[in-house]
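J.: This one is work-v1.cif, mmCIF, C-alpha atoms.
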```cif
data_work
#
loop_
_atom_site.group_PDB
_atom_site.id
_atom_site.type_symbol
_atom_site.label_atom_id
_atom_site.label_comp_id
_atom_site.auth_asym_id
_atom_site.auth_seq_id
_atom_site.Cartn_x
_atom_site.Cartn_y
_atom_site.Cartn_z
ATOM 1 C CA MET A 14 0.000 0.000 0.000
ATOM 2 C CA PRO A 15 1.371 3.443 -0.898
ATOM 3 C CA ARG A 16 1.615 6.338 1.538
ATOM 4 C CA PRO A 17 -0.763 9.352 1.446
ATOM 5 C CA PRO A 18 -1.910 10.943 -0.760
ATOM 6 C CA LEU A 19 -1.366 8.033 -3.160
ATOM 7 C CA ASP A 20 -3.423 5.719 -0.955
ATOM 8 C CA GLY A 21 -6.537 7.636 -2.048
ATOM 9 C CA LEU A 22 -5.753 6.827 -5.689
ATOM 10 C CA ILE A 23 -4.208 3.363 -5.569
ATOM 11 C CA ASP A 24 -5.303 -0.036 -4.283
ATOM 12 C CA ASP A 25 -1.800 -1.527 -4.359
ATOM 13 C CA LEU A 26 1.654 -1.544 -5.900
ATOM 14 C CA TYR A 27 2.925 -4.988 -6.877
ATOM 15 C CA TYR A 28 5.900 -6.948 -8.136
ATOM 16 C CA LEU A 29 5.392 -9.887 -10.505
ATOM 17 C CA ALA A 30 8.023 -12.387 -11.588
ATOM 18 C CA GLY A 31 8.194 -15.969 -12.733
ATOM 19 C CA THR A 32 6.416 -18.298 -15.089
ATOM 20 C CA PRO A 33 2.675 -17.732 -15.595
ATOM 21 C CA PRO A 34 0.360 -20.720 -15.157
ATOM 22 C CA TYR A 35 -0.768 -20.377 -18.787
ATOM 23 C CA ALA A 36 0.616 -18.522 -21.778
ATOM 24 C CA ARG A 37 -2.709 -16.647 -22.056
ATOM 25 C CA LEU A 38 -4.851 -15.268 -19.253
ATOM 26 C CA THR A 39 -8.144 -13.422 -19.675
ATOM 27 C CA LEU A 40 -8.814 -10.526 -17.317
ATOM 28 C CA PRO A 41 -12.512 -9.613 -17.061
ATOM 29 C CA PRO A 42 -13.364 -5.908 -16.681
ATOM 30 C CA ALA A 43 -13.214 -4.577 -13.134
ATOM 31 C CA PRO A 44 -13.535 -1.167 -11.471
ATOM 32 C CA SER A 45 -9.805 -0.587 -11.608
ATOM 33 C CA ALA A 46 -7.153 0.990 -13.832
ATOM 34 C CA LEU A 47 -3.720 -0.513 -14.401
ATOM 35 C CA LEU A 48 -0.142 0.568 -15.062
ATOM 36 C CA ILE A 49 2.583 -1.992 -15.774
ATOM 37 C CA VAL A 50 6.299 -1.240 -16.057
ATOM 38 C CA ASN A 51 7.780 -4.211 -17.887
ATOM 39 C CA LEU A 52 11.299 -5.372 -17.024
ATOM 40 C CA GLY A 53 11.395 -8.630 -18.952
ATOM 41 C CA ALA A 54 10.509 -9.883 -22.407
ATOM 42 C CA PRO A 55 7.571 -8.153 -24.128
ATOM 43 C CA PHE A 56 4.045 -9.288 -23.353
ATOM 44 C CA ARG A 57 0.964 -9.115 -25.561
ATOM 45 C CA ILE A 58 -2.538 -7.799 -24.972
ATOM 46 C CA ARG A 59 -5.486 -8.713 -27.156
ATOM 47 C CA THR A 60 -8.580 -6.510 -27.141
ATOM 48 C CA GLY A 61 -11.311 -7.725 -29.446
ATOM 49 C CA LEU A 62 -9.612 -8.666 -32.712
ATOM 50 C CA GLU A 63 -6.484 -6.563 -32.160
ATOM 51 C CA THR A 64 -3.266 -7.775 -30.533
ATOM 52 C CA ALA A 65 -0.346 -5.503 -29.622
ATOM 53 C CA GLU A 66 3.051 -6.119 -28.047
ATOM 54 C CA TYR A 67 4.315 -4.108 -25.079
ATOM 55 C CA ALA A 68 8.024 -3.916 -24.309
ATOM 56 C CA ASP A 69 8.234 -0.986 -21.880
ATOM 57 C CA GLY A 70 4.870 -1.623 -20.237
ATOM 58 C CA CYS A 71 1.310 -0.390 -20.624
ATOM 59 C CA VAL A 72 -1.400 1.869 -19.255
ATOM 60 C CA ILE A 73 -5.028 0.700 -19.124
ATOM 61 C CA THR A 74 -7.896 2.886 -17.935
ATOM 62 C CA MET A 75 -10.972 1.172 -16.503
ATOM 63 C CA PRO A 76 -12.000 -1.396 -19.145
ATOM 64 C CA THR A 77 -15.488 -2.197 -20.403
ATOM 65 C CA ARG A 78 -14.589 -5.613 -21.832
ATOM 66 C CA ALA A 79 -12.161 -8.444 -21.193
ATOM 67 C CA TYR A 80 -8.480 -8.340 -22.090
ATOM 68 C CA GLU A 81 -6.340 -11.325 -22.963
ATOM 69 C CA PHE A 82 -2.772 -11.128 -21.667
ATOM 70 C CA GLY A 83 -0.133 -13.193 -23.447
ATOM 71 C CA TYR A 84 2.902 -13.673 -21.212
ATOM 72 C CA PRO A 85 6.419 -14.845 -22.165
ATOM 73 C CA PRO A 86 7.734 -17.998 -20.408
ATOM 74 C CA GLY A 87 9.502 -15.803 -17.838
ATOM 75 C CA THR A 88 7.914 -12.482 -16.920
ATOM 76 C CA ARG A 89 9.082 -9.663 -14.630
ATOM 77 C CA SER A 90 7.365 -6.350 -13.947
ATOM 78 C CA VAL A 91 6.148 -3.879 -11.363
ATOM 79 C CA GLY A 92 2.705 -2.363 -11.545
ATOM 80 C CA VAL A 93 -0.059 -0.321 -10.005
ATOM 81 C CA HIS A 94 -3.710 -1.215 -9.460
ATOM 82 C CA PHE A 95 -5.461 2.159 -9.418
ATOM 83 C CA LYS A 96 -8.912 2.941 -8.130
ATOM 84 C CA PRO A 97 -11.217 3.755 -11.099
ATOM 85 C CA TRP A 98 -10.458 7.488 -10.817
ATOM 86 C CA GLY A 99 -6.877 7.097 -9.585
ATOM 87 C CA LEU A 100 -5.029 7.078 -12.897
ATOM 88 C CA ALA A 101 -6.380 10.486 -14.025
ATOM 89 C CA PRO A 102 -3.822 12.658 -12.128
ATOM 90 C CA PHE A 103 -1.011 10.878 -13.994
ATOM 91 C CA LEU A 104 -2.442 11.181 -17.515
ATOM 92 C CA PRO A 105 -1.798 14.035 -19.963
ATOM 93 C CA MET A 106 -5.063 13.261 -21.765
ATOM 94 C CA PRO A 107 -8.699 12.542 -20.773
ATOM 95 C CA ALA A 108 -9.149 8.949 -19.618
ATOM 96 C CA ALA A 109 -11.924 8.449 -22.205
ATOM 97 C CA GLU A 110 -9.326 8.682 -24.991
ATOM 98 C CA LEU A 111 -7.762 5.451 -23.678
ATOM 99 C CA CYS A 112 -10.974 3.550 -22.964
ATOM 100 C CA ASP A 113 -10.480 -0.053 -24.126
ATOM 101 C CA ARG A 114 -7.295 1.070 -25.889
ATOM 102 C CA PRO A 115 -4.189 0.057 -23.922
ATOM 103 C CA VAL A 116 -1.177 2.233 -24.703
ATOM 104 C CA THR A 117 2.530 1.998 -23.929
ATOM 105 C CA ILE A 118 3.921 4.013 -21.036
ATOM 106 C CA GLU A 119 6.115 5.789 -23.597
ATOM 107 C CA GLN A 120 2.947 7.176 -25.211
ATOM 108 C CA VAL A 121 1.857 8.601 -21.838
ATOM 109 C CA TRP A 122 5.093 9.702 -20.115
ATOM 110 C CA GLY A 123 7.536 9.859 -23.044
ATOM 111 C CA ARG A 124 10.501 7.679 -24.005
ATOM 112 C CA PRO A 125 13.252 9.362 -21.923
ATOM 113 C CA ALA A 126 11.191 9.203 -18.707
ATOM 114 C CA ILE A 127 10.218 5.543 -18.977
ATOM 115 C CA ALA A 128 13.709 4.520 -20.139
ATOM 116 C CA GLU A 129 15.235 6.190 -17.060
ATOM 117 C CA LEU A 130 12.658 4.627 -14.737
ATOM 118 C CA ARG A 131 13.206 1.155 -16.167
ATOM 119 C CA ASP A 132 16.978 1.547 -15.779
ATOM 120 C CA ARG A 133 16.600 2.535 -12.112
ATOM 121 C CA LEU A 134 14.220 -0.339 -11.469
ATOM 122 C CA ALA A 135 16.556 -2.821 -13.154
ATOM 123 C CA MET A 136 19.425 -1.735 -10.868
ATOM 124 C CA ALA A 137 17.343 -1.987 -7.665
ATOM 125 C CA THR A 138 18.452 -4.551 -5.088
ATOM 126 C CA GLY A 139 15.054 -6.207 -4.757
ATOM 127 C CA PRO A 140 11.256 -5.916 -4.999
ATOM 128 C CA HIS A 141 10.867 -3.571 -1.998
ATOM 129 C CA GLU A 142 13.326 -1.051 -3.408
ATOM 130 C CA MET A 143 11.682 -1.351 -6.828
ATOM 131 C CA LEU A 144 8.254 -0.568 -5.398
ATOM 132 C CA ALA A 145 9.705 2.360 -3.425
ATOM 133 C CA LEU A 146 11.174 3.740 -6.668
ATOM 134 C CA LEU A 147 7.841 3.353 -8.442
ATOM 135 C CA GLU A 148 6.011 5.049 -5.585
ATOM 136 C CA ALA A 149 8.471 7.963 -5.669
ATOM 137 C CA GLU A 150 7.930 8.335 -9.422
ATOM 138 C CA LEU A 151 4.179 8.486 -8.927
ATOM 139 C CA MET A 152 4.529 11.060 -6.154
ATOM 140 C CA ARG A 153 6.653 13.188 -8.451
ATOM 141 C CA ARG A 154 4.097 12.995 -11.265
ATOM 142 C CA LEU A 155 0.988 13.629 -9.174
ATOM 143 C CA THR A 156 -0.955 16.648 -10.498
ATOM 144 C CA GLU A 157 -4.131 18.565 -9.680
ATOM 145 C CA THR A 158 -7.165 17.359 -11.638
ATOM 146 C CA THR A 159 -10.339 19.356 -12.298
ATOM 147 C CA GLY A 160 -13.459 17.736 -10.875
ATOM 148 C CA PHE A 161 -11.494 15.078 -9.005
ATOM 149 C CA GLY A 162 -13.311 15.483 -5.687
ATOM 150 C CA LEU A 163 -16.732 15.156 -7.325
ATOM 151 C CA VAL A 164 -15.829 11.988 -9.228
ATOM 152 C CA ARG A 165 -14.106 10.409 -6.244
ATOM 153 C CA GLN A 166 -17.078 11.052 -3.950
ATOM 154 C CA MET A 167 -19.681 9.729 -6.403
ATOM 155 C CA SER A 168 -17.510 6.737 -7.326
ATOM 156 C CA SER A 169 -17.198 5.854 -3.646
ATOM 157 C CA ILE A 170 -20.994 5.812 -3.334
ATOM 158 C CA ILE A 171 -21.258 3.531 -6.367
ATOM 159 C CA ALA A 172 -18.635 1.200 -4.877
ATOM 160 C CA ALA A 173 -20.301 1.138 -1.456
ATOM 161 C CA THR A 174 -23.582 -0.015 -3.018
ATOM 162 C CA ARG A 175 -21.814 -2.476 -5.378
ATOM 163 C CA GLY A 176 -23.405 -0.629 -8.286
ATOM 164 C CA ALA A 177 -26.950 -0.747 -6.901
ATOM 165 C CA VAL A 178 -27.536 3.007 -6.861
ATOM 166 C CA ALA A 179 -29.830 5.251 -8.902
ATOM 167 C CA ILE A 180 -27.517 7.232 -11.168
ATOM 168 C CA GLY A 181 -30.008 10.090 -11.402
ATOM 169 C CA GLY A 182 -29.890 10.379 -7.645
ATOM 170 C CA LEU A 183 -26.121 10.799 -7.749
ATOM 171 C CA SER A 184 -26.275 13.964 -9.833
ATOM 172 C CA GLU A 185 -29.006 15.357 -7.587
ATOM 173 C CA ALA A 186 -26.953 14.616 -4.472
ATOM 174 C CA ALA A 187 -23.908 16.253 -6.060
ATOM 175 C CA GLY A 188 -25.897 19.318 -7.151
ATOM 176 C CA VAL A 189 -24.844 19.024 -10.797
ATOM 177 C CA SER A 190 -26.577 17.967 -13.988
ATOM 178 C CA SER A 191 -26.411 14.360 -15.143
ATOM 179 C CA THR A 192 -24.622 15.581 -18.283
ATOM 180 C CA HIS A 193 -21.925 17.351 -16.272
ATOM 181 C CA LEU A 194 -21.444 14.315 -14.035
ATOM 182 C CA ALA A 195 -21.120 12.006 -17.037
ATOM 183 C CA GLN A 196 -18.575 14.333 -18.655
ATOM 184 C CA ARG A 197 -16.452 14.476 -15.507
ATOM 185 C CA PHE A 198 -16.560 10.684 -15.162
ATOM 186 C CA LYS A 199 -15.529 10.140 -18.772
ATOM 187 C CA ALA A 200 -12.651 12.579 -18.387
ATOM 188 C CA LEU A 201 -11.312 11.025 -15.166
ATOM 189 C CA VAL A 202 -12.515 7.403 -15.173
ATOM 190 C CA GLY A 203 -13.029 6.860 -18.896
ATOM 191 C CA VAL A 204 -16.658 5.740 -18.618
ATOM 192 C CA THR A 205 -19.991 7.118 -17.416
ATOM 193 C CA PRO A 206 -21.287 6.600 -13.851
ATOM 194 C CA LYS A 207 -23.803 4.096 -15.217
ATOM 195 C CA ARG A 208 -21.061 2.010 -16.789
ATOM 196 C CA LEU A 209 -19.003 2.128 -13.608
ATOM 197 C CA ALA A 210 -22.037 0.925 -11.635
ATOM 198 C CA ARG A 211 -22.544 -1.961 -14.077
ATOM 199 C CA THR A 212 -18.901 -2.956 -13.664
ATOM 200 C CA HIS A 213 -19.129 -2.909 -9.867
ATOM 201 C CA ARG A 214 -22.256 -5.076 -10.003
ATOM 202 C CA PHE A 215 -20.616 -7.537 -12.392
ATOM 203 C CA THR A 216 -17.435 -7.707 -10.307
ATOM 204 C CA ALA A 217 -19.418 -8.393 -7.149
ATOM 205 C CA ALA A 218 -21.127 -11.276 -8.935
ATOM 206 C CA VAL A 219 -17.847 -12.729 -10.223
ATOM 207 C CA PHE A 220 -16.175 -12.633 -6.815
ATOM 208 C CA ALA A 221 -19.217 -14.344 -5.313
ATOM 209 C CA ILE A 222 -18.547 -17.392 -7.502
ATOM 210 C CA ASP A 223 -16.838 -20.236 -5.651
ATOM 211 C CA PRO A 224 -15.419 -22.444 -8.421
ATOM 212 C CA ALA A 225 -14.750 -25.230 -5.907
ATOM 213 C CA GLY A 226 -18.422 -25.697 -5.065
ATOM 214 C CA PRO A 227 -21.890 -25.783 -6.681
ATOM 215 C CA VAL A 228 -23.229 -22.481 -8.047
ATOM 216 C CA ASP A 229 -26.877 -21.429 -8.004
ATOM 217 C CA TRP A 230 -26.817 -18.941 -10.863
ATOM 218 C CA GLY A 231 -30.298 -17.598 -10.191
ATOM 219 C CA ASP A 232 -29.533 -16.933 -6.540
ATOM 220 C CA LEU A 233 -26.175 -15.372 -7.389
ATOM 221 C CA ALA A 234 -27.749 -13.107 -10.023
ATOM 222 C CA GLY A 235 -30.457 -11.986 -7.609
ATOM 223 C CA HIS A 236 -28.007 -11.116 -4.840
ATOM 224 C CA ALA A 237 -25.879 -9.148 -7.304
ATOM 225 C CA GLY A 238 -28.874 -7.004 -8.283
ATOM 226 C CA TYR A 239 -29.740 -8.377 -11.728
ATOM 227 C CA PHE A 240 -33.373 -8.455 -12.890
ATOM 228 C CA ASP A 241 -33.220 -12.192 -13.575
ATOM 229 C CA GLN A 242 -30.835 -14.925 -14.649
ATOM 230 C CA ALA A 243 -31.231 -14.076 -18.352
ATOM 231 C CA HIS A 244 -30.159 -10.485 -17.674
ATOM 232 C CA PHE A 245 -27.163 -11.762 -15.712
ATOM 233 C CA SER A 246 -26.145 -14.213 -18.463
ATOM 234 C CA HIS A 247 -26.359 -11.526 -21.155
ATOM 235 C CA GLU A 248 -24.276 -9.124 -19.078
ATOM 236 C CA PHE A 249 -21.770 -11.847 -18.241
ATOM 237 C CA ARG A 250 -21.184 -12.713 -21.876
ATOM 238 C CA GLU A 251 -20.884 -9.048 -22.858
ATOM 239 C CA PHE A 252 -18.260 -8.428 -20.187
ATOM 240 C CA THR A 253 -16.188 -11.600 -20.601
ATOM 241 C CA GLY A 254 -16.963 -13.361 -23.859
ATOM 242 C CA PHE A 255 -17.835 -16.446 -21.774
ATOM 243 C CA THR A 256 -21.176 -17.865 -20.754
ATOM 244 C CA PRO A 257 -21.379 -18.236 -16.959
ATOM 245 C CA THR A 258 -21.151 -22.033 -17.188
ATOM 246 C CA ARG A 259 -18.146 -21.923 -19.548
ATOM 247 C CA TYR A 260 -16.437 -19.413 -17.265
ATOM 248 C CA LEU A 261 -16.964 -21.770 -14.325
ATOM 249 C CA GLU A 262 -15.487 -24.660 -16.313
ATOM 250 C CA VAL A 263 -12.231 -22.827 -17.035
ATOM 251 C CA ARG A 264 -11.966 -21.569 -13.447
ATOM 252 C CA ARG A 265 -12.352 -25.154 -12.234
ATOM 253 C CA ARG A 266 -9.707 -26.338 -14.660
ATOM 254 C CA PHE A 267 -7.353 -23.735 -13.207
ATOM 255 C CA LEU A 268 -7.984 -25.134 -9.716
ATOM 256 C CA ARG A 269 -7.311 -28.681 -10.879
ATOM 257 C CA GLU A 270 -4.139 -27.873 -12.783
ATOM 258 C CA HIS A 271 -2.694 -25.267 -10.396
ATOM 259 C CA PRO A 272 -3.921 -26.011 -6.851
ATOM 260 C CA GLY A 273 -2.871 -23.395 -4.346
ATOM 261 C CA HIS A 274 -1.617 -20.973 -7.019
ATOM 262 C CA ILE A 275 -1.392 -17.323 -5.999
ATOM 263 C CA LEU A 276 -3.927 -16.455 -8.716
ATOM 264 C CA ASP A 277 -6.531 -18.880 -7.331
ATOM 265 C CA GLY A 278 -8.627 -16.057 -5.904
ATOM 266 C CA TRP A 279 -8.497 -13.942 -9.044
ATOM 267 C CA PRO A 280 -11.198 -14.069 -11.737
ATOM 268 C CA LEU A 281 -8.619 -15.021 -14.372
ATOM 269 C CA PRO A 282 -9.811 -17.716 -16.751
ATOM 270 C CA ALA A 283 -7.605 -19.204 -19.478
ATOM 271 C CA ASP A 284 -9.174 -20.900 -22.479
#
```
Can you turn what I pasted into structure tokens?

T.:
Amino acid sequence: MPRPPLDGLIDDLYYLAGTPPYARLTLPPAPSALLIVNLGAPFRIRTGLETAEYADGCVITMPTRAYEFGYPPGTRSVGVHFKPWGLAPFLPMPAAELCDRPVTIEQVWGRPAIAELRDRLAMATGPHEMLALLEAELMRRLTETTGFGLVRQMSSIIAATRGAVAIGGLSEAAGVSSTHLAQRFKALVGVTPKRLARTHRFTAAVFAIDPAGPVDWGDLAGHAGYFDQAHFSHEFREFTGFTPTRYLEVRRRFLREHPGHILDGWPLPAD
């Protein structure tokens, strides 16, 4: 966990190294943004029909659909899991411009800056020093962002209700028009408040799935706030590309083939 004020923007800083359980892992959309500084061989990200290679790393604002990560046999990186609004103070452009369009860190911070950072990280004595260097870089780049307080407050309400909040009521509570609120969200989060709420609801449903036991899809859908199981299934396929039952199959295969793996608790299917 980073120190203040970064702790209000970031869920965690992390270090990743080793051999992935599969060459390809699918990451469903979640209410989170991501920055990866790559220190090993390039990795690939597929979005829809497009696949791109990332050598220096990548920046991903809050996604609306699944990404497929293709890892080399040995991977090494440091990264940041941002809160949905947390990446905005580090971007030179509106977050909406990057929605579902991962870019290299060079495209965001410039080649000299990322080259210097990667060199310093490569010379660090271990993961703790690397994460301290990354945290210091983020502190140095932190900027003021118009409308940040509004978006953070409304996003926190959406998160607290797991997406089960009337979006019209948010704008009334904030004392702004729904159009203004949507514009601020798109600029800082990349999506509208309604889309963020949908993502929170979907994520709550996914984390409620226990792949090791039986799943009552109707009960799970109801507790997550979906109208019915058909609504849940449609939303699930839109967000992941999987039907709920197919998703459960690949999660169970992961458990069988990699028992006790550190990614066991993550909604990361591989197919």

J.: Between range 103-150 of chain A and range 51-74 of chain A, at 10 Å or less, what are the per-residue closest atom pairs and their distances in Å? Count all atoms listed in the file, order by chain and rising residue number, and return it as CSV.

T.:
```
residue,atom,partner,partner_atom,distance
A:Leu104,CA,A:Val72,CA,9.5
A:Ala108,CA,A:Thr74,CA,6.4
A:Ala109,CA,A:Thr74,CA,8.1
A:Glu110,CA,A:Thr74,CA,9.2
A:Leu111,CA,A:Thr74,CA,6.3
A:Cys112,CA,A:Thr74,CA,5.9
A:Asp113,CA,A:Thr74,CA,7.3
A:Arg114,CA,A:Ile73,CA,7.1
A:Pro115,CA,A:Ile73,CA,4.9
A:Val116,CA,A:Cys71,CA,5.5
A:Thr117,CA,A:Cys71,CA,4.3
A:Ile118,CA,A:Cys71,CA,5.1
A:Glu119,CA,A:Asp69,CA,7.3
A:Gln120,CA,A:Cys71,CA,9.0
A:Val121,CA,A:Val72,CA,7.9
A:Arg124,CA,A:Asp69,CA,9.2
A:Ile127,CA,A:Asp69,CA,7.4
A:Ala128,CA,A:Asp69,CA,8.0
A:Arg131,CA,A:Leu52,CA,6.9
A:Asp132,CA,A:Leu52,CA,9.0
A:Leu134,CA,A:Leu52,CA,8.0
A:Ala135,CA,A:Leu52,CA,7.0
```

J.: Pick out the closest residue to Glu129 in chain A from this set: A:Met75, A:Val50, A:Lys207, A:Ala187. Count all atoms listed in the file.

T.: A:Val50

J.: With all atoms listed in the file as the atoms that count, which of A:Ala217, A:Leu194, A:Ala225, A:Leu47 lies nearest to Thr174 in chain A?

T.: A:Ala217

J.: In Å, with one decimal, what is the gap from CA of His247 in chain A to CA of Pro41 in chain A?

T.: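 These atoms are spaced 14.6 Å apart.
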
J.: Quick one: which residues end up in the PyMOL selection byres ((chain A and resi 178) around 12) for this structure, as a PyMOL selection string?

T.: chain A and resi 167-177+179-184+186+206-211+213-214+238

J.: Which residues, named as in the file, does the PyMOL selection byres ((chain A and resi 95) around 10) pick out? Answer as a list in words.

T.: Leu19, Asp20, Gly21, Leu22, Ile23, Asp24, Asp25, Leu26, Pro44, Ser45, Ala46, Leu47, Leu48, Ile73, Thr74, Met75, Gly92, Val93, His94, Lys96, Pro97, Trp98, Gly99, Leu100 and Ala101 of chain A

J.: So that I can check the surroundings of Pro257 in chain A, please list as a VMD selection string every protein, DNA and RNA residue that reaches within 10 Å of it, counting all atoms listed in the file and ignoring chain neighbours fewer than 3 positions away.

T.: chain A and resid 219 222 230 245 to 250 253 to 254 260 to 262

J.: Specify as a ChimeraX atom specification each residue included when the PyMOL selection byres ((chain A and resi 78) around 7) is applied to this file.

T.: /A:41-42,76-77,79-80,252-253

J.: One number please: CA of Leu201 in chain A to CA of Leu163 in chain A, in Å, one decimal.

T.: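 So the two atoms, CA of Leu201 in chain A and CA of Leu163 in chain A, lie 10.4 Å apart.
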
J.: At what distance in Å, to one decimal, does CA of Leu38 in chain A lie from CA of Gly83 in chain A?

T.: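 These two atoms are separated by 6.6 Å.
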
J.: Would you please work out which residue, of A:Gly160, A:Gly235, A:Pro86, A:Gly226, is nearest to Ala195 in chain A when using all atoms listed in the file?

T.: A:Gly160

J.: Taking into account only C-alpha atoms, which residue in the set A:Ser90, A:Thr216, A:Thr138, A:Thr205 is nearest to Trp279 in chain A?

T.: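 Going through A:Ser90, A:Thr216, A:Thr138, A:Thr205 one by one, the smallest distance to Trp279 in chain A is for A:Thr216.
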
J.: Between A:Arg266, A:Arg16, A:His141, A:Arg133, which one has atoms that come closest to Tyr28 in chain A, using all atoms listed in the file?

T.: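 Checking each of A:Arg266, A:Arg16, A:His141, A:Arg133 against Tyr28 in chain A, counting all atoms listed in the file, the winner is A:His141.
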
J.: Would you please take range 42-58 of chain A of the structure in the block above and write N, CA and C atoms to a file as an mmCIF file, in the first residue's frame?

T.:
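Everything below was put into selection04.cif:
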```cif
data_model
loop_
_atom_site.group_PDB
_atom_site.id
_atom_site.type_symbol
_atom_site.label_atom_id
_atom_site.label_comp_id
_atom_site.auth_asym_id
_atom_site.auth_seq_id
_atom_site.Cartn_x
_atom_site.Cartn_y
_atom_site.Cartn_z
ATOM 1 N N PRO A 42 -13.351 -7.312 -17.109
ATOM 2 C CA PRO A 42 -13.364 -5.908 -16.681
ATOM 3 C C PRO A 42 -13.667 -5.792 -15.197
ATOM 4 N N ALA A 43 -13.030 -4.820 -14.563
ATOM 5 C CA ALA A 43 -13.214 -4.577 -13.134
ATOM 6 C C ALA A 43 -13.106 -3.081 -12.891
ATOM 7 N N PRO A 44 -13.632 -2.598 -11.780
ATOM 8 C CA PRO A 44 -13.535 -1.167 -11.471
ATOM 9 C C PRO A 44 -12.136 -0.810 -11.004
ATOM 10 N N SER A 45 -11.205 -0.832 -11.926
ATOM 11 C CA SER A 45 -9.805 -0.587 -11.608
ATOM 12 C C SER A 45 -9.070 -0.185 -12.873
ATOM 13 N N ALA A 46 -8.049 0.649 -12.728
ATOM 14 C CA ALA A 46 -7.153 0.990 -13.832
ATOM 15 C C ALA A 46 -5.792 0.371 -13.527
ATOM 16 N N LEU A 47 -4.948 0.267 -14.549
ATOM 17 C CA LEU A 47 -3.720 -0.513 -14.401
ATOM 18 C C LEU A 47 -2.552 0.170 -15.109
ATOM 19 N N LEU A 48 -1.398 0.136 -14.445
ATOM 20 C CA LEU A 48 -0.142 0.568 -15.062
ATOM 21 C C LEU A 48 0.884 -0.526 -14.814
ATOM 22 N N ILE A 49 1.555 -0.955 -15.875
ATOM 23 C CA ILE A 49 2.583 -1.992 -15.774
ATOM 24 C C ILE A 49 3.884 -1.448 -16.338
ATOM 25 N N VAL A 50 4.958 -1.540 -15.557
ATOM 26 C CA VAL A 50 6.299 -1.240 -16.057
ATOM 27 C C VAL A 50 6.986 -2.577 -16.284
ATOM 28 N N ASN A 51 7.236 -2.900 -17.539
ATOM 29 C CA ASN A 51 7.780 -4.211 -17.887
ATOM 30 C C ASN A 51 9.298 -4.210 -17.797
ATOM 31 N N LEU A 52 9.854 -5.253 -17.189
ATOM 32 C CA LEU A 52 11.299 -5.372 -17.024
ATOM 33 C C LEU A 52 11.847 -6.646 -17.655
ATOM 34 N N GLY A 53 10.975 -7.397 -18.298
ATOM 35 C CA GLY A 53 11.395 -8.630 -18.952
ATOM 36 C C GLY A 53 11.087 -8.604 -20.431
ATOM 37 N N ALA A 54 10.869 -9.789 -20.992
ATOM 38 C CA ALA A 54 10.509 -9.883 -22.407
ATOM 39 C C ALA A 54 9.137 -9.253 -22.639
ATOM 40 N N PRO A 55 8.866 -8.778 -23.849
ATOM 41 C CA PRO A 55 7.571 -8.153 -24.128
ATOM 42 C C PRO A 55 6.407 -9.094 -23.871
ATOM 43 N N PHE A 56 5.278 -8.526 -23.476
ATOM 44 C CA PHE A 56 4.045 -9.288 -23.353
ATOM 45 C C PHE A 56 3.039 -8.750 -24.355
ATOM 46 N N ARG A 57 1.971 -9.503 -24.577
ATOM 47 C CA ARG A 57 0.964 -9.115 -25.561
ATOM 48 C C ARG A 57 -0.382 -8.919 -24.878
ATOM 49 N N ILE A 58 -1.176 -8.006 -25.430
ATOM 50 C CA ILE A 58 -2.538 -7.799 -24.972
ATOM 51 C C ILE A 58 -3.452 -7.830 -26.189
#
```
